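Coordinates from query_17.cif are shown below (mmCIF, C-alpha atoms and all ligand atoms).
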data_input
loop_
_atom_site.label_atom_id
_atom_site.label_comp_id
_atom_site.auth_asym_id
_atom_site.auth_seq_id
_atom_site.Cartn_x
_atom_site.Cartn_y
_atom_site.Cartn_z
CA MET P 1 -6.86 -17.22 43.09
CA ILE P 2 -5.30 -14.45 41.04
CA THR P 3 -2.20 -13.31 42.96
CA ASN P 4 -1.57 -9.69 43.97
CA LYS P 5 1.07 -8.66 41.46
CA ILE P 6 0.37 -4.96 41.99
CA SER P 7 1.40 -3.62 45.40
CA VAL P 8 -1.28 -2.69 47.92
CA GLY P 9 0.07 0.88 48.08
CA GLU P 10 -0.25 1.30 44.32
CA LEU P 11 -3.74 -0.19 44.28
CA GLU P 12 -4.84 2.19 47.04
CA ALA P 13 -3.34 5.17 45.20
CA VAL P 14 -5.05 4.23 41.92
CA LYS P 15 -8.34 3.53 43.71
CA LYS P 16 -8.28 7.03 45.19
CA LEU P 17 -7.58 8.58 41.76
CA PHE P 18 -10.48 6.60 40.24
CA ASP P 19 -12.82 7.47 43.14
CA ASP P 20 -12.04 11.20 43.06
CA CYS P 21 -12.00 11.88 39.29
CA HIS P 22 -14.83 13.20 37.11
CA ASN P 23 -13.28 13.97 33.74
CA VAL P 24 -10.78 11.42 32.52
CA VAL P 25 -8.55 11.37 29.45
CA ILE P 26 -6.91 8.05 28.56
CA VAL P 27 -3.85 8.26 26.29
CA THR P 28 -1.64 5.65 24.69
CA HIS P 29 1.35 5.36 22.38
CA THR P 30 1.85 6.39 18.78
CA SER P 31 0.82 3.85 16.11
CA ALA P 32 -1.31 2.16 18.73
CA ASP P 33 -1.42 -1.64 18.67
CA GLY P 34 -3.89 -4.17 20.09
CA ASP P 35 -2.64 -3.78 23.65
CA ALA P 36 -2.69 0.02 23.48
CA ILE P 37 -6.26 0.18 22.18
CA GLY P 38 -7.41 -2.83 24.25
CA SER P 39 -6.09 -1.46 27.56
CA ALA P 40 -7.40 2.05 26.79
CA LEU P 41 -10.91 0.92 25.84
CA GLY P 42 -11.01 -1.64 28.67
CA LEU P 43 -10.29 1.06 31.23
CA TYR P 44 -12.68 3.44 29.42
CA GLU P 45 -15.51 0.88 29.79
CA TYR P 46 -14.84 0.47 33.51
CA LEU P 47 -14.63 4.20 34.29
CA LYS P 48 -17.66 5.00 32.13
CA LYS P 49 -19.67 2.35 33.99
CA ARG P 50 -18.68 4.18 37.18
CA GLY P 51 -20.30 7.32 35.80
CA LYS P 52 -17.15 9.18 34.80
CA SER P 53 -16.82 11.26 31.65
CA VAL P 54 -14.05 9.55 29.68
CA LYS P 55 -12.21 10.30 26.41
CA VAL P 56 -9.65 8.05 24.73
CA VAL P 57 -6.96 9.88 22.78
CA VAL P 58 -4.31 8.37 20.49
CA PRO P 59 -1.40 10.31 18.94
CA ASN P 60 -2.25 9.24 15.37
CA TYR P 61 -4.14 6.77 13.18
CA PHE P 62 -4.63 3.25 14.55
CA PRO P 63 -5.15 0.09 12.47
CA ASP P 64 -8.51 -0.86 10.96
CA PHE P 65 -8.36 -4.40 12.39
CA LEU P 66 -8.94 -2.94 15.88
CA ARG P 67 -12.02 -0.92 14.93
CA TRP P 68 -14.53 -3.68 15.73
CA MET P 69 -14.13 -2.87 19.42
CA THR P 70 -17.10 -1.14 21.05
CA ASP P 71 -16.66 2.67 20.93
CA ALA P 72 -13.45 2.44 18.88
CA ASP P 73 -15.13 5.06 16.66
CA LYS P 74 -15.13 7.46 19.63
CA ILE P 75 -11.31 7.40 19.93
CA ILE P 76 -9.86 10.81 19.11
CA SER P 77 -6.66 11.18 17.07
CA TYR P 78 -4.48 14.04 18.31
CA ASN P 79 -2.90 14.64 14.90
CA ILE P 80 -6.37 15.49 13.50
CA HIS P 81 -8.14 17.08 16.51
CA ARG P 82 -5.39 18.99 18.30
CA LYS P 83 -7.59 21.77 19.71
CA MET P 84 -10.32 19.40 20.85
CA VAL P 85 -7.78 17.21 22.66
CA GLN P 86 -6.17 20.24 24.32
CA THR P 87 -9.61 21.25 25.64
CA TYR P 88 -10.32 17.77 27.02
CA VAL P 89 -6.88 17.71 28.64
CA ASP P 90 -7.43 21.20 30.14
CA TYR P 91 -10.70 20.05 31.73
CA ALA P 92 -9.45 16.63 32.82
CA ASP P 93 -8.80 15.91 36.48
CA LEU P 94 -7.19 12.55 35.67
CA ILE P 95 -5.04 11.38 32.76
CA CYS P 96 -4.35 7.65 32.44
CA VAL P 97 -1.20 6.89 30.44
CA LEU P 98 -1.30 3.34 29.10
CA ASP P 99 1.17 0.93 27.48
CA LEU P 100 4.07 3.38 27.33
CA ASN P 101 6.96 4.31 29.59
CA GLU P 102 8.04 7.77 28.42
CA PRO P 103 6.33 10.88 26.95
CA LYS P 104 8.35 10.52 23.71
CA ARG P 105 6.25 7.45 22.85
CA MET P 106 3.25 9.81 22.39
CA GLU P 107 5.15 12.10 19.97
CA ASP P 108 3.62 15.66 20.08
CA LEU P 109 0.86 14.55 22.44
CA GLY P 110 3.54 13.81 25.07
CA ASP P 111 4.15 17.49 25.68
CA VAL P 112 0.42 18.18 26.12
CA VAL P 113 0.17 15.38 28.68
CA VAL P 114 3.31 16.37 30.59
CA LYS P 115 2.13 20.00 30.88
CA ALA P 116 -1.43 19.12 31.94
CA ARG P 117 -2.47 20.06 35.48
CA ALA P 118 -4.55 16.88 35.91
CA LYS P 119 -3.37 14.05 38.14
CA LYS P 120 -1.69 11.31 36.10
CA VAL P 121 -1.34 7.58 36.42
CA MET P 122 0.88 5.38 34.25
CA ILE P 123 -0.12 1.73 33.75
CA ASP P 124 2.59 -0.02 31.77
CA HIS P 125 4.80 -3.05 31.23
CA HIS P 126 7.91 -1.58 29.56
CA LEU P 127 11.31 -1.47 31.26
CA ASN P 128 12.71 1.70 32.85
CA PRO P 129 9.61 3.90 33.26
CA ASP P 130 10.09 7.64 33.21
CA CYS P 131 8.19 8.59 36.38
CA PHE P 132 6.44 11.74 35.09
CA CYS P 133 3.07 10.66 36.53
CA ASP P 134 1.73 11.02 40.10
CA VAL P 135 1.31 7.26 40.31
CA THR P 136 3.36 4.77 38.27
CA VAL P 137 2.14 1.19 37.99
CA SER P 138 4.97 -0.43 36.06
CA TYR P 139 5.37 -4.22 35.88
CA PRO P 140 7.65 -5.28 33.00
CA SER P 141 6.96 -8.91 33.82
CA ALA P 142 3.27 -8.47 32.90
CA SER P 143 2.15 -9.81 29.52
CA SER P 144 0.48 -6.56 28.58
CA ALA P 145 -0.87 -3.24 29.79
CA SER P 146 -4.31 -4.83 29.35
CA GLU P 147 -3.44 -7.48 31.94
CA LEU P 148 -2.44 -4.69 34.34
CA VAL P 149 -5.70 -2.81 33.72
CA PHE P 150 -7.55 -6.01 34.62
CA ARG P 151 -5.41 -6.54 37.73
CA ILE P 152 -6.11 -3.00 38.90
CA ILE P 153 -9.87 -3.28 38.37
CA TYR P 154 -9.85 -6.68 40.09
CA GLY P 155 -7.49 -5.53 42.86
CA ILE P 156 -9.65 -2.54 43.83
CA GLY P 157 -12.77 -4.72 43.90
CA GLY P 158 -14.16 -3.26 40.69
CA LEU P 159 -14.92 -6.38 38.66
CA ALA P 160 -18.68 -5.69 38.81
CA HIS P 161 -18.03 -2.48 36.86
CA LEU P 162 -16.20 -4.26 34.06
CA THR P 163 -18.61 -4.62 31.14
CA LYS P 164 -18.60 -7.41 28.55
CA ALA P 165 -17.19 -4.91 26.03
CA GLY P 166 -14.44 -4.02 28.52
CA ALA P 167 -13.63 -7.72 28.94
CA GLU P 168 -13.41 -8.08 25.14
CA ASP P 169 -10.99 -5.14 24.96
CA ILE P 170 -8.76 -6.59 27.69
CA TYR P 171 -8.77 -10.02 26.07
CA ALA P 172 -7.83 -8.46 22.71
CA GLY P 173 -4.91 -6.59 24.31
CA MET P 174 -3.57 -9.62 26.15
CA CYS P 175 -4.00 -11.80 23.07
CA THR P 176 -2.17 -9.48 20.68
CA ASP P 177 0.76 -8.70 23.01
CA THR P 178 1.41 -12.42 23.58
CA GLY P 179 1.01 -13.59 19.96
CA LYS P 180 -2.23 -15.41 20.85
CA PHE P 181 -0.65 -16.57 24.14
CA SER P 182 2.40 -18.06 22.43
CA PHE P 183 5.01 -15.87 24.21
CA ASN P 184 5.26 -13.87 27.48
CA SER P 185 2.39 -15.89 28.78
CA ASN P 186 3.66 -18.56 31.17
CA ASP P 187 2.17 -16.83 34.23
CA PRO P 188 -0.71 -19.08 35.40
CA ASP P 189 -2.60 -15.94 36.46
CA ILE P 190 -3.08 -15.06 32.78
CA PHE P 191 -5.39 -18.05 32.41
CA LEU P 192 -7.25 -17.24 35.61
CA ILE P 193 -7.77 -13.73 34.24
CA ILE P 194 -9.05 -15.19 30.95
CA ALA P 195 -11.48 -17.31 32.98
CA GLU P 196 -12.84 -14.13 34.59
CA LEU P 197 -13.15 -12.48 31.17
CA LEU P 198 -15.03 -15.52 29.82
CA LYS P 199 -17.43 -15.23 32.76
CA LYS P 200 -18.29 -11.77 31.42
CA GLY P 201 -19.64 -13.51 28.33
CA ILE P 202 -16.89 -12.76 25.81
CA ASP P 203 -16.52 -14.95 22.72
CA LYS P 204 -12.73 -15.31 22.63
CA ASP P 205 -12.77 -17.24 19.34
CA LYS P 206 -14.68 -14.42 17.66
CA ILE P 207 -12.25 -11.86 19.07
CA VAL P 208 -9.36 -13.77 17.48
CA ARG P 209 -11.23 -13.86 14.15
CA ASN P 210 -11.99 -10.15 14.40
CA ILE P 211 -8.32 -9.34 14.90
CA TYR P 212 -6.51 -11.87 12.73
CA ASN P 213 -8.96 -12.73 9.93
CA ASN P 214 -9.72 -9.17 9.06
CA PHE P 215 -6.81 -8.12 6.88
CA THR P 216 -6.90 -6.64 3.39
CA GLU P 217 -6.15 -8.55 0.19
CA GLY P 218 -3.24 -6.10 -0.25
CA ARG P 219 -1.67 -7.41 2.94
CA PHE P 220 -1.67 -10.94 1.61
CA LYS P 221 -0.05 -9.98 -1.67
CA LEU P 222 2.47 -7.78 0.19
CA LEU P 223 3.25 -10.66 2.52
CA GLY P 224 3.98 -12.88 -0.49
CA TYR P 225 6.26 -10.21 -1.93
CA VAL P 226 8.15 -9.75 1.36
CA LEU P 227 8.69 -13.46 1.92
CA TYR P 228 9.58 -14.31 -1.69
CA GLU P 229 11.49 -11.25 -2.88
CA LYS P 230 12.65 -9.20 0.10
CA LEU P 231 13.56 -11.49 2.96
CA LYS P 232 17.30 -11.91 3.58
CA VAL P 233 18.23 -14.79 5.83
CA VAL P 234 21.76 -14.62 7.24
CA ALA P 235 21.92 -18.20 8.44
CA ASP P 236 25.35 -18.09 10.08
CA LYS P 237 24.23 -15.09 12.16
CA HIS P 238 20.88 -16.71 13.01
CA ALA P 239 19.16 -13.57 11.75
CA ALA P 240 16.79 -12.40 9.03
CA TYR P 241 15.67 -8.98 7.82
CA PHE P 242 13.63 -7.27 5.12
CA SER P 243 13.04 -3.70 3.96
CA LEU P 244 10.10 -1.94 2.33
CA THR P 245 10.10 1.50 0.75
CA LYS P 246 7.02 3.70 0.42
CA ASP P 247 6.90 2.90 -3.30
CA GLU P 248 6.87 -0.82 -2.63
CA LEU P 249 4.12 -0.39 -0.01
CA SER P 250 1.96 1.64 -2.36
CA ARG P 251 2.18 -1.07 -5.07
CA PHE P 252 0.15 -3.22 -2.65
CA ASN P 253 -2.32 -0.47 -1.62
CA TYR P 254 -0.77 -0.50 1.84
CA ILE P 255 -2.87 0.78 4.72
CA LYS P 256 -1.73 1.03 8.32
CA GLY P 257 -1.82 -2.33 10.03
CA ASP P 258 -1.08 -4.35 6.87
CA MET P 259 2.42 -5.22 8.11
CA GLU P 260 1.29 -6.09 11.64
CA GLY P 261 3.00 -9.25 12.87
CA VAL P 262 4.99 -9.87 9.66
CA VAL P 263 8.30 -9.22 11.47
CA ASN P 264 7.59 -12.29 13.64
CA MET P 265 7.35 -14.66 10.68
CA PRO P 266 11.09 -15.13 9.94
CA LEU P 267 11.45 -16.49 13.49
CA GLU P 268 9.56 -19.53 12.20
CA ILE P 269 12.64 -20.43 10.12
CA LYS P 270 14.75 -23.07 11.85
CA GLY P 271 17.76 -21.49 13.55
CA VAL P 272 16.64 -17.85 13.19
CA ARG P 273 16.87 -16.03 16.53
CA MET P 274 16.41 -12.40 15.44
CA SER P 275 14.24 -10.74 12.82
CA ILE P 276 14.39 -7.09 11.76
CA SER P 277 11.87 -5.16 9.66
CA LEU P 278 12.72 -1.82 8.00
CA ARG P 279 9.72 0.08 6.68
CA GLU P 280 9.55 3.60 5.31
CA ASP P 281 6.97 5.62 7.25
CA THR P 282 4.05 6.80 5.11
CA GLU P 283 3.59 9.94 7.28
CA LYS P 284 7.07 11.29 8.03
CA PRO P 285 10.50 11.00 6.37
CA ARG P 286 11.91 8.19 8.47
CA ILE P 287 12.29 4.44 8.60
CA LEU P 288 10.37 2.49 11.22
CA VAL P 289 12.27 -0.44 12.62
CA SER P 290 10.89 -3.50 14.40
CA VAL P 291 13.11 -6.09 16.06
CA ARG P 292 11.98 -9.49 17.32
CA SER P 293 14.03 -12.21 19.00
CA VAL P 294 13.67 -15.51 20.81
CA ASP P 295 14.91 -16.80 24.16
CA ASP P 296 17.36 -14.47 25.90
CA PHE P 297 18.67 -12.69 22.79
CA PRO P 298 17.92 -9.02 23.63
CA ALA P 299 15.91 -7.32 20.86
CA ASN P 300 15.66 -4.21 23.08
CA LYS P 301 19.46 -3.93 23.32
CA VAL P 302 19.76 -4.15 19.51
CA ALA P 303 17.03 -1.50 19.12
CA GLU P 304 18.80 0.78 21.61
CA VAL P 305 22.31 0.41 20.16
CA PHE P 306 21.45 0.59 16.45
CA PHE P 307 17.97 2.01 15.96
CA ASN P 308 17.44 4.84 18.53
CA GLY P 309 14.76 2.80 20.25
CA GLY P 310 14.10 0.17 22.86
CA GLY P 311 11.34 -2.09 24.07
CA HIS P 312 10.97 -5.54 25.55
CA LEU P 313 13.52 -8.36 25.59
CA ASN P 314 11.92 -10.12 22.61
CA ALA P 315 9.95 -7.31 20.91
CA ALA P 316 11.45 -3.90 20.36
CA GLY P 317 11.54 -1.09 17.85
CA GLY P 318 13.06 2.20 16.87
CA MET P 319 13.51 4.70 14.06
CA LEU P 320 16.18 5.70 11.55
CA TYR P 321 16.50 9.03 9.76
CA CYS P 322 18.53 8.02 6.70
CA SER P 323 18.18 6.38 3.28
CA MET P 324 17.04 2.77 3.00
CA ALA P 325 20.51 1.79 1.71
CA GLU P 326 22.08 3.24 4.87
CA ALA P 327 19.43 1.58 7.04
CA ILE P 328 20.30 -1.78 5.47
CA GLU P 329 23.99 -1.17 6.24
CA ILE P 330 23.13 -0.45 9.87
CA THR P 331 20.99 -3.59 9.97
CA GLU P 332 23.87 -5.69 8.64
CA LYS P 333 25.97 -4.34 11.53
CA ALA P 334 23.18 -5.02 14.03
CA ILE P 335 23.06 -8.62 12.87
CA ASN P 336 26.73 -9.01 13.82
CA TYR P 337 26.12 -7.59 17.29
CA GLN P 338 27.01 -9.84 20.20
CA PRO P 339 25.38 -8.62 23.42
P1 LIG I 1 6.70 -2.59 17.13
O1 LIG I 1 7.80 -3.31 16.46
O2 LIG I 1 5.47 -3.44 17.24
O3 LIG I 1 6.47 -1.21 16.59
O4 LIG I 1 7.19 -2.35 18.62
C1 LIG I 1 7.45 -3.41 19.48
C2 LIG I 1 7.78 -2.86 20.85
O5 LIG I 1 8.98 -2.13 20.74
C3 LIG I 1 6.76 -1.89 21.40
O6 LIG I 1 5.84 -2.53 22.22
C4 LIG I 1 7.61 -0.95 22.20
O7 LIG I 1 7.85 -1.51 23.46
C5 LIG I 1 8.94 -0.96 21.52
N1 LIG I 1 9.20 0.18 20.65
C6 LIG I 1 8.84 0.34 19.36
N2 LIG I 1 9.32 1.50 18.86
C7 LIG I 1 10.01 2.08 19.87
C8 LIG I 1 10.75 3.32 19.98
O8 LIG I 1 10.88 4.10 19.04
N3 LIG I 1 11.31 3.56 21.19
C9 LIG I 1 11.21 2.71 22.25
N4 LIG I 1 11.80 3.03 23.40
N5 LIG I 1 10.53 1.56 22.16
C10 LIG I 1 9.94 1.24 21.01
MN MN I 2 1.88 -3.54 25.36
#
Spell out the structure here as structure tokens.
Amino acid sequence: MITNKISVGELEAVKKLFDDCHNVVIVTHTSADGDAIGSALGLYEYLKKRGKSVKVVVPNYFPDFLRWMTDADKIISYNIHRKMVQTYVDYADLICVLDLNEPKRMEDLGDVVVKARAKKVMIDHHLNPDCFCDVTVSYPSASSASELVFRIIYGIGGLAHLTKAGAEDIYAGMCTDTGKFSFNSNDPDIFLIIAELLKKGIDKDKIVRNIYNNFTEGRFKLLGYVLYEKLKVVADKHAAYFSLTKDELSRFNYIKGDMEGVVNMPLEIKGVRMSISLREDTEKPRILVSVRSVDDFPANKVAEVFFNGGGHLNAAGGMLYCSMAEAIEITEKAINYQP
């Protein structure tokens, strides 16, 4: 039996929101990842099957390797369709906020969501949620927002309304946020949930191929360049980092998503406990930072203290507004940090 992780009170509150709504907008975080898109489209499938009018909105472009998902082409990017999104938000009676814990994680879209008159529900697994929604379902111990979407659908007796496409989306989200079930995935329930998703007829092996064997040739060459030329391993600090400027990215015909997961790779080096990636943003003048760690070394603390960010214990991120040389200096300091 799948245990009741989500409280009965929260399930009842969400059930009422789902029963009463007609026009739903589902939003997720900037630079959406597999869990963001998977949880959003999974919930979209369920609510659509229940006869609701549903729109999925993302703050900006999301990676090509997630576009195989059913109706991914119907996802609306706020940075391109601002007026259209505002209209959908104005007419919405429910906004579902997925895989994020504070409006800032939606950039400009955050303000639109906060000001909306619709009821709001947050479904998330990040620490310290900002409770700006009417109902907050926040379980940092969950593997993914996608797992929580499943638990809600299951908990309110809605499994019959979860389509095969919805099950594929949820599997994709759980799979990507756990590194193909290699971290954050010791909860036995996860495998009971996967069993339910398989009963919906999903081909989990094909989903993994769709996500992970779908990269560009540029990514492979860029990966070679990062590992051979750019990676700095600071063995005595058990840390590794690399940096990439916009010019370097463009040499490899970089498109969004090409660097997905690369920050995890240095953790495969014996003794390395923390890995940091510095990458110049291709849209705005800033450096995007990703931090990964193993065991109890807190990546989120490092992201908070040095990179204006936060996140989970072992996967966190942030941003720097400075030159790459300065960002490298900050990173060298971060590597010396003892929590
Ligand atoms: P990524 O490195 O994949 O961009 O982000 C990993 C995790 O770090 C995300 O799931 C999110 O929890 C967190 N994260 C990334 N960027 C930020 C940020 O700017 N602020 C906060 N608070 N968390 C972030
Ligand atoms: Mn997530």
**OP:** Would you please work out which residue, of P:Asp258, P:Glu10, P:Asp124, P:Glu196, is nearest to ligand MN 2 (chain I) when using only C-alpha atoms and all ligand atoms?
**Re:** P:Asp124
Original post:
Looking at only C-alpha atoms, which of P:Gly261, P:Gly318, P:Gly42, P:Gly310 is the one that sits closest to Asp281 in chain P?
Top reply: P:Gly318
Grab me every residue within 9 Å of ligand MN 2 (chain I), counting all atoms listed in the file, and send it over as a CSV table (one decimal) with C-alpha atoms, keeping the file's coordinate frame.
chain,number,residue,atom,x,y,z
P,33,ASP,CA,-1.4,-1.6,18.7
P,34,GLY,CA,-3.9,-4.2,20.1
P,35,ASP,CA,-2.6,-3.8,23.6
P,36,ALA,CA,-2.7,0.0,23.5
P,39,SER,CA,-6.1,-1.5,27.6
P,98,LEU,CA,-1.3,3.3,29.1
P,99,ASP,CA,1.2,0.9,27.5
P,100,LEU,CA,4.1,3.4,27.3
P,124,ASP,CA,2.6,0.0,31.8
P,125,HIS,CA,4.8,-3.0,31.2
P,126,HIS,CA,7.9,-1.6,29.6
P,143,SER,CA,2.2,-9.8,29.5
P,144,SER,CA,0.5,-6.6,28.6
P,145,ALA,CA,-0.9,-3.2,29.8
P,146,SER,CA,-4.3,-4.8,29.4
P,173,GLY,CA,-4.9,-6.6,24.3
P,174,MET,CA,-3.6,-9.6,26.2
P,176,THR,CA,-2.2,-9.5,20.7
P,177,ASP,CA,0.8,-8.7,23.0
**OP:** Place a sphere of radius 9 Å on (16.9, -12.0, 16.0) in the file coordinates and name every protein, DNA or RNA residue with an atom inside or on its surface, counting all atoms listed in the file; give the answer as a PyMOL selection string.
**Re:** chain P and resi 237-241+266-267+272-276+291-294+297-299+314+335
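You will find CA of Ile287 in chain P at 19.8 Å from CA of Met265 in chain P.
Identified as lying at most 7 Å from ligand LIG 1 (chain I) when counting only C-alpha atoms and all ligand atoms are the residues Arg105, His126, Val289, Ser290, Val291, Asn308, Gly309, Gly310, Gly311, His312, Ala315, Ala316, Gly317, Gly318 and Met319 of chain P.
Minimum atom-to-atom distances from P:Arg286, P:Asp296, P:Asn336, P:Asn23 to Ala235 in chain P were compared using only C-alpha atoms, and the lowest value belongs to P:Asn336.
Between CA of Asp130 in chain P and CA of Asn184 in chain P there is a distance of 22.8 Å.
From CA of Gly51 in chain P back to CA of Val14 in chain P, the distance works out to 16.7 Å.
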Find the spatial neighbours of Arg251 in chain P, counting all atoms listed in the file, within a cut-off of 12 Å - ignore same-chain residues fewer than 2 positions away - and output them as a PDB file with C-alpha atoms, in the frame of the given file.
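Contents of part27.pdb, as written:
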ATOM      1  CA  GLY P 218      -3.240  -6.100  -0.250  1.00  0.00           C
ATOM      2  CA  ARG P 219      -1.670  -7.410   2.940  1.00  0.00           C
ATOM      3  CA  LYS P 221      -0.050  -9.980  -1.670  1.00  0.00           C
ATOM      4  CA  LEU P 222       2.470  -7.780   0.190  1.00  0.00           C
ATOM      5  CA  TYR P 225       6.260 -10.210  -1.930  1.00  0.00           C
ATOM      6  CA  LEU P 244      10.100  -1.940   2.330  1.00  0.00           C
ATOM      7  CA  THR P 245      10.100   1.500   0.750  1.00  0.00           C
ATOM      8  CA  LYS P 246       7.020   3.700   0.420  1.00  0.00           C
ATOM      9  CA  ASP P 247       6.900   2.900  -3.300  1.00  0.00           C
ATOM     10  CA  GLU P 248       6.870  -0.820  -2.630  1.00  0.00           C
ATOM     11  CA  LEU P 249       4.120  -0.390  -0.010  1.00  0.00           C
ATOM     12  CA  ASN P 253      -2.320  -0.470  -1.620  1.00  0.00           C
ATOM     13  CA  TYR P 254      -0.770  -0.500   1.840  1.00  0.00           C
ATOM     14  CA  ILE P 255      -2.870   0.780   4.720  1.00  0.00           C
TER      15      ILE P 255
END
Subject >> Among the residues P:Leu192, P:Ala303, P:Ala167, P:Leu109, the one that comes closest to Leu41 in chain P [using only C-alpha atoms] >> reply: P:Ala167
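You can rank P:Lys55, P:Val25, P:Ala160, P:Cys131 by their closest distance to Ala116 in chain P using all atoms listed in the file, and at the top of that list sits P:Val25.
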Subject >> Lys120 in chain P surroundings by only C-alpha atoms, 8 Å radius, close-in-sequence under 2 positions cut, as number ranges by chain >> reply: P: 94-97, 118, 122, 133-135
Test item: residues at most 10 Å from range 68-76 of chain P, all atoms listed in the file, excluding those fewer than 3 positions along its chain, as a compact mmCIF listing (two decimals) with C-alpha atoms, in the frame of the given file:
# COMPACT_ATOMS: atom_id res chain seq x y z
CA ILE P 26 -6.91 8.05 28.56
CA VAL P 27 -3.85 8.26 26.29
CA ILE P 37 -6.26 0.18 22.18
CA GLY P 38 -7.41 -2.83 24.25
CA ALA P 40 -7.40 2.05 26.79
CA LEU P 41 -10.91 0.92 25.84
CA GLY P 42 -11.01 -1.64 28.67
CA TYR P 44 -12.68 3.44 29.42
CA GLU P 45 -15.51 0.88 29.79
CA LYS P 55 -12.21 10.30 26.41
CA VAL P 56 -9.65 8.05 24.73
CA VAL P 57 -6.96 9.88 22.78
CA VAL P 58 -4.31 8.37 20.49
CA PRO P 59 -1.40 10.31 18.94
CA ASN P 60 -2.25 9.24 15.37
CA TYR P 61 -4.14 6.77 13.18
CA PHE P 62 -4.63 3.25 14.55
CA ASP P 64 -8.51 -0.86 10.96
CA PHE P 65 -8.36 -4.40 12.39
CA ASN P 79 -2.90 14.64 14.90
CA ILE P 80 -6.37 15.49 13.50
CA HIS P 81 -8.14 17.08 16.51
CA ARG P 82 -5.39 18.99 18.30
CA MET P 84 -10.32 19.40 20.85
CA VAL P 85 -7.78 17.21 22.66
CA LYS P 164 -18.60 -7.41 28.55
CA ALA P 165 -17.19 -4.91 26.03
CA GLY P 166 -14.44 -4.02 28.52
CA GLU P 168 -13.41 -8.08 25.14
CA ASP P 169 -10.99 -5.14 24.96
CA ALA P 172 -7.83 -8.46 22.71
CA ILE P 207 -12.25 -11.86 19.07
CA ASN P 210 -11.99 -10.15 14.40
CA ILE P 211 -8.32 -9.34 14.90
CA ASN P 214 -9.72 -9.17 9.06
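If you measure from each of P:Leu127, P:Ile156, P:Met106, P:Ile330 to Val8 in chain P using all atoms listed in the file, the closest one turns out to be P:Ile156.
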Original post:
What residues have an atom no more than 10 Å from (-4.2, 22.9, 29.2) in the file's own frame, counting only C-alpha atoms, and can you write them as a count of residues only?
Top reply: 14
